[in-house]
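So the structure is just underneath, and the comments pick up after that.
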Amino acid sequence: MNPVYIYRFVRFFVAIGIVVLGGVALFYLSTYTYPFIIAIFIAFFMNPLVNFFEKKARMPRGLAVLVSLLLILSIFAGLITLLVVEIVSGANYLGEVVPKHLVTVVDYIEDLIVQQILPLYNQTAALFKNLDNGQQDTILDNIQNVGQTIATTAGNFIQSFFQNIPGIIGWIPNTATVLVFSALATFFISKDWYRLSNLSNKLLPEKVYVSTIRIIKDLKRALFGFIKAQFTLVSITTVTVLIGLLFLKVRYSITIALICGLVDIVPYLGTGTIFIPWIIYEFISGNTSLGIGLSVLYAIVIVQRQLIEPKVLSSSIGLDPLATLVALFVGYKMIGILGLIAGPVILVIINTLQRANIFKDIWSFIIGKEGRRDNL
């Protein structure tokens, strides 16, 4: 066998081994250092704001970092406060309206039982009495088995729920600890950002450092583009719902549109969690015109989301629309709803690595000097 092919075969497995071992090492390392990884990302994205305060307001670096952190925390606290106020207001409104709607739903269920289920039960009972004893015993056994299965499943769910409560409660102090360490680490990393960057430049080989900087910049651009795309899609959904609800003369149109925009972040569920129960209730309560109007509005929201999402994502993160559509579908089929977010992100990472010539460098390592000479 040609020694060149043997060397290439060995180098191929060496490259694969390095990638796999590096990925495993990073995964296990991140399980212990994730507060500091979070801090690095926050400091990286916060750095332009810190530079603005440092240069324009002529603040010391430490003060600029502190002001930036406080500003970001204040914005998040303000948004959470507004959300809580809106939830409380909506809860008060629902507390007044829901009991009336429940009466309507209960009346509908009672009519359904009297008019549909009871006659069906009587017919089934009559047919059951006409069966012989063996057939009756078989049906009763099957019914008992179904009942036991349902009871067992419900019991396991309730047991699992209560068993997980201590874990959820124990998660709170751990989260608080992570937030404190992340905030402190963000302050120190951001304060010494350029000193740490120069240290990395000295420790890493020049080619590795340049490739790393390029990858980070591309990922930053793509991540901001992804956030911009999601904000654009949510804004379009909110405006569409608002216009439709105003046209249908629905009360609290602005509040409902904002809530629909927020839940639209959840793929495939999205606005359906609001519209589907609402549409069903309107048809049950006899308000057919509003039910039809809401159905048409919901269909418009779904269609426009499916049509513009690949285009908006591709234009915002610099990917081909077809590749983005494939990434969305493959991600959804592999890991479900989260795949609709993970798919484009993984595609961005692959595209970034390709632009940074990482795959080309790996291939050059595999084929070796002989392969490069053959291509010349």
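Labels for the structure tokens follow display order: chains A, B, ..., residues from 1 in each chain, ligands from 1.
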
Near-Ile349 (chain A) list (9 Å; only C-alpha atoms; drop same-chain fewer than 6 positions) as number ranges by chain: A: 215, 218-219, 222

Dump of C-alpha atoms for the selected residues, as a PDB file, in the first residue's frame:
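Result file is out.pdb:
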```pdb
ATOM      1  CA  ILE A 215     -14.774  33.373  14.227  1.00  0.00           C
ATOM      2  CA  ASP A 218     -18.636  36.441  12.625  1.00  0.00           C
ATOM      3  CA  LEU A 219     -20.542  34.718  15.415  1.00  0.00           C
ATOM      4  CA  ALA A 222     -24.648  36.391  13.192  1.00  0.00           C
TER       5      ALA A 222
END
```

Excluding Leu184 (chain A) and residues on its chain fewer than 3 positions from it, collect all residues at most 12 Å away from it, counting only C-alpha atoms, and give them as a ChimeraX atom specification. /A:35-36,38-40,42-43,65-66,69,177-181,187-191

Write to file, as a PDB file, in the first residue's frame, the residues of the selection just made, with N, CA, C and O atoms.
```
ATOM      1  N   PRO A  35     -20.498  29.707  34.864  1.00  0.00           N
ATOM      2  CA  PRO A  35     -20.722  31.113  35.238  1.00  0.00           C
ATOM      3  C   PRO A  35     -19.705  32.058  34.596  1.00  0.00           C
ATOM      4  O   PRO A  35     -20.047  33.179  34.198  1.00  0.00           O
ATOM      5  N   PHE A  36     -18.475  31.590  34.462  1.00  0.00           N
ATOM      6  CA  PHE A  36     -17.436  32.437  33.875  1.00  0.00           C
ATOM      7  C   PHE A  36     -17.542  32.475  32.349  1.00  0.00           C
ATOM      8  O   PHE A  36     -17.192  33.482  31.727  1.00  0.00           O
ATOM      9  N   ILE A  38     -20.470  32.396  30.852  1.00  0.00           N
ATOM     10  CA  ILE A  38     -21.545  33.384  30.700  1.00  0.00           C
ATOM     11  C   ILE A  38     -20.985  34.795  30.840  1.00  0.00           C
ATOM     12  O   ILE A  38     -21.340  35.708  30.082  1.00  0.00           O
ATOM     13  N   ALA A  39     -20.083  34.969  31.811  1.00  0.00           N
ATOM     14  CA  ALA A  39     -19.486  36.285  32.034  1.00  0.00           C
ATOM     15  C   ALA A  39     -18.681  36.745  30.820  1.00  0.00           C
ATOM     16  O   ALA A  39     -18.708  37.930  30.454  1.00  0.00           O
ATOM     17  N   ILE A  40     -17.959  35.825  30.185  1.00  0.00           N
ATOM     18  CA  ILE A  40     -17.174  36.185  29.001  1.00  0.00           C
ATOM     19  C   ILE A  40     -18.087  36.669  27.882  1.00  0.00           C
ATOM     20  O   ILE A  40     -17.810  37.687  27.225  1.00  0.00           O
ATOM     21  N   ILE A  42     -21.154  37.924  28.184  1.00  0.00           N
ATOM     22  CA  ILE A  42     -21.749  39.216  28.549  1.00  0.00           C
ATOM     23  C   ILE A  42     -20.734  40.336  28.377  1.00  0.00           C
ATOM     24  O   ILE A  42     -21.044  41.407  27.832  1.00  0.00           O
ATOM     25  N   ALA A  43     -19.511  40.113  28.834  1.00  0.00           N
ATOM     26  CA  ALA A  43     -18.473  41.137  28.697  1.00  0.00           C
ATOM     27  C   ALA A  43     -18.177  41.429  27.235  1.00  0.00           C
ATOM     28  O   ALA A  43     -17.944  42.579  26.849  1.00  0.00           O
ATOM     29  N   VAL A  65     -17.507  50.171  33.285  1.00  0.00           N
ATOM     30  CA  VAL A  65     -18.048  48.812  33.382  1.00  0.00           C
ATOM     31  C   VAL A  65     -19.199  48.770  34.384  1.00  0.00           C
ATOM     32  O   VAL A  65     -20.253  48.176  34.126  1.00  0.00           O
ATOM     33  N   LEU A  66     -19.010  49.423  35.535  1.00  0.00           N
ATOM     34  CA  LEU A  66     -20.048  49.426  36.565  1.00  0.00           C
ATOM     35  C   LEU A  66     -21.324  50.104  36.063  1.00  0.00           C
ATOM     36  O   LEU A  66     -22.435  49.590  36.259  1.00  0.00           O
ATOM     37  N   LEU A  69     -23.076  47.798  33.527  1.00  0.00           N
ATOM     38  CA  LEU A  69     -23.782  46.703  34.192  1.00  0.00           C
ATOM     39  C   LEU A  69     -25.066  47.182  34.854  1.00  0.00           C
ATOM     40  O   LEU A  69     -26.122  46.545  34.725  1.00  0.00           O
ATOM     41  N   THR A 177     -26.582  32.029  43.100  1.00  0.00           N
ATOM     42  CA  THR A 177     -25.123  31.957  43.203  1.00  0.00           C
ATOM     43  C   THR A 177     -24.460  32.154  41.849  1.00  0.00           C
ATOM     44  O   THR A 177     -23.468  32.884  41.719  1.00  0.00           O
ATOM     45  N   VAL A 178     -25.011  31.491  40.817  1.00  0.00           N
ATOM     46  CA  VAL A 178     -24.462  31.634  39.468  1.00  0.00           C
ATOM     47  C   VAL A 178     -24.550  33.076  39.006  1.00  0.00           C
ATOM     48  O   VAL A 178     -23.602  33.620  38.411  1.00  0.00           O
ATOM     49  N   LEU A 179     -25.686  33.740  39.267  1.00  0.00           N
ATOM     50  CA  LEU A 179     -25.849  35.139  38.850  1.00  0.00           C
ATOM     51  C   LEU A 179     -24.833  36.045  39.530  1.00  0.00           C
ATOM     52  O   LEU A 179     -24.262  36.943  38.900  1.00  0.00           O
ATOM     53  N   VAL A 180     -24.601  35.798  40.835  1.00  0.00           N
ATOM     54  CA  VAL A 180     -23.633  36.636  41.562  1.00  0.00           C
ATOM     55  C   VAL A 180     -22.232  36.437  40.998  1.00  0.00           C
ATOM     56  O   VAL A 180     -21.513  37.415  40.708  1.00  0.00           O
ATOM     57  N   PHE A 181     -21.816  35.187  40.823  1.00  0.00           N
ATOM     58  CA  PHE A 181     -20.480  34.919  40.287  1.00  0.00           C
ATOM     59  C   PHE A 181     -20.349  35.441  38.854  1.00  0.00           C
ATOM     60  O   PHE A 181     -19.298  35.973  38.479  1.00  0.00           O
ATOM     61  N   PHE A 187     -17.694  41.874  35.579  1.00  0.00           N
ATOM     62  CA  PHE A 187     -17.047  43.148  35.934  1.00  0.00           C
ATOM     63  C   PHE A 187     -15.530  43.059  35.746  1.00  0.00           C
ATOM     64  O   PHE A 187     -14.916  43.916  35.090  1.00  0.00           O
ATOM     65  N   PHE A 188     -14.917  42.027  36.305  1.00  0.00           N
ATOM     66  CA  PHE A 188     -13.449  41.927  36.242  1.00  0.00           C
ATOM     67  C   PHE A 188     -12.969  41.621  34.826  1.00  0.00           C
ATOM     68  O   PHE A 188     -11.939  42.149  34.396  1.00  0.00           O
ATOM     69  N   ILE A 189     -13.706  40.774  34.089  1.00  0.00           N
ATOM     70  CA  ILE A 189     -13.295  40.462  32.715  1.00  0.00           C
ATOM     71  C   ILE A 189     -13.421  41.684  31.829  1.00  0.00           C
ATOM     72  O   ILE A 189     -12.524  41.993  31.029  1.00  0.00           O
ATOM     73  N   SER A 190     -14.526  42.402  31.956  1.00  0.00           N
ATOM     74  CA  SER A 190     -14.723  43.598  31.137  1.00  0.00           C
ATOM     75  C   SER A 190     -13.723  44.691  31.502  1.00  0.00           C
ATOM     76  O   SER A 190     -13.227  45.414  30.629  1.00  0.00           O
ATOM     77  N   LYS A 191     -13.410  44.816  32.783  1.00  0.00           N
ATOM     78  CA  LYS A 191     -12.454  45.835  33.231  1.00  0.00           C
ATOM     79  C   LYS A 191     -11.067  45.583  32.640  1.00  0.00           C
ATOM     80  O   LYS A 191     -10.363  46.515  32.240  1.00  0.00           O
TER      81      LYS A 191
END
```

Identify, on the basis of only C-alpha atoms, every residue whose closest approach to Ser211 (chain A) does not exceed 12 Å; exclude the query and any residue fewer than 2 positions from it along the same chain; express the result as a list of chain:residue names.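 Once the nearby chain positions are removed, what remains is A:Asn201, A:Leu204, A:Pro205, A:Glu206, A:Lys207, A:Val208, A:Tyr209, A:Ile213, A:Arg214, A:Ile215, A:Ile216, A:Lys217, A:Asp218, A:Thr352, A:Leu353, A:Gln354, A:Arg355, A:Ala356, A:Asn357, A:Ile358, A:Phe359, A:Asp361.
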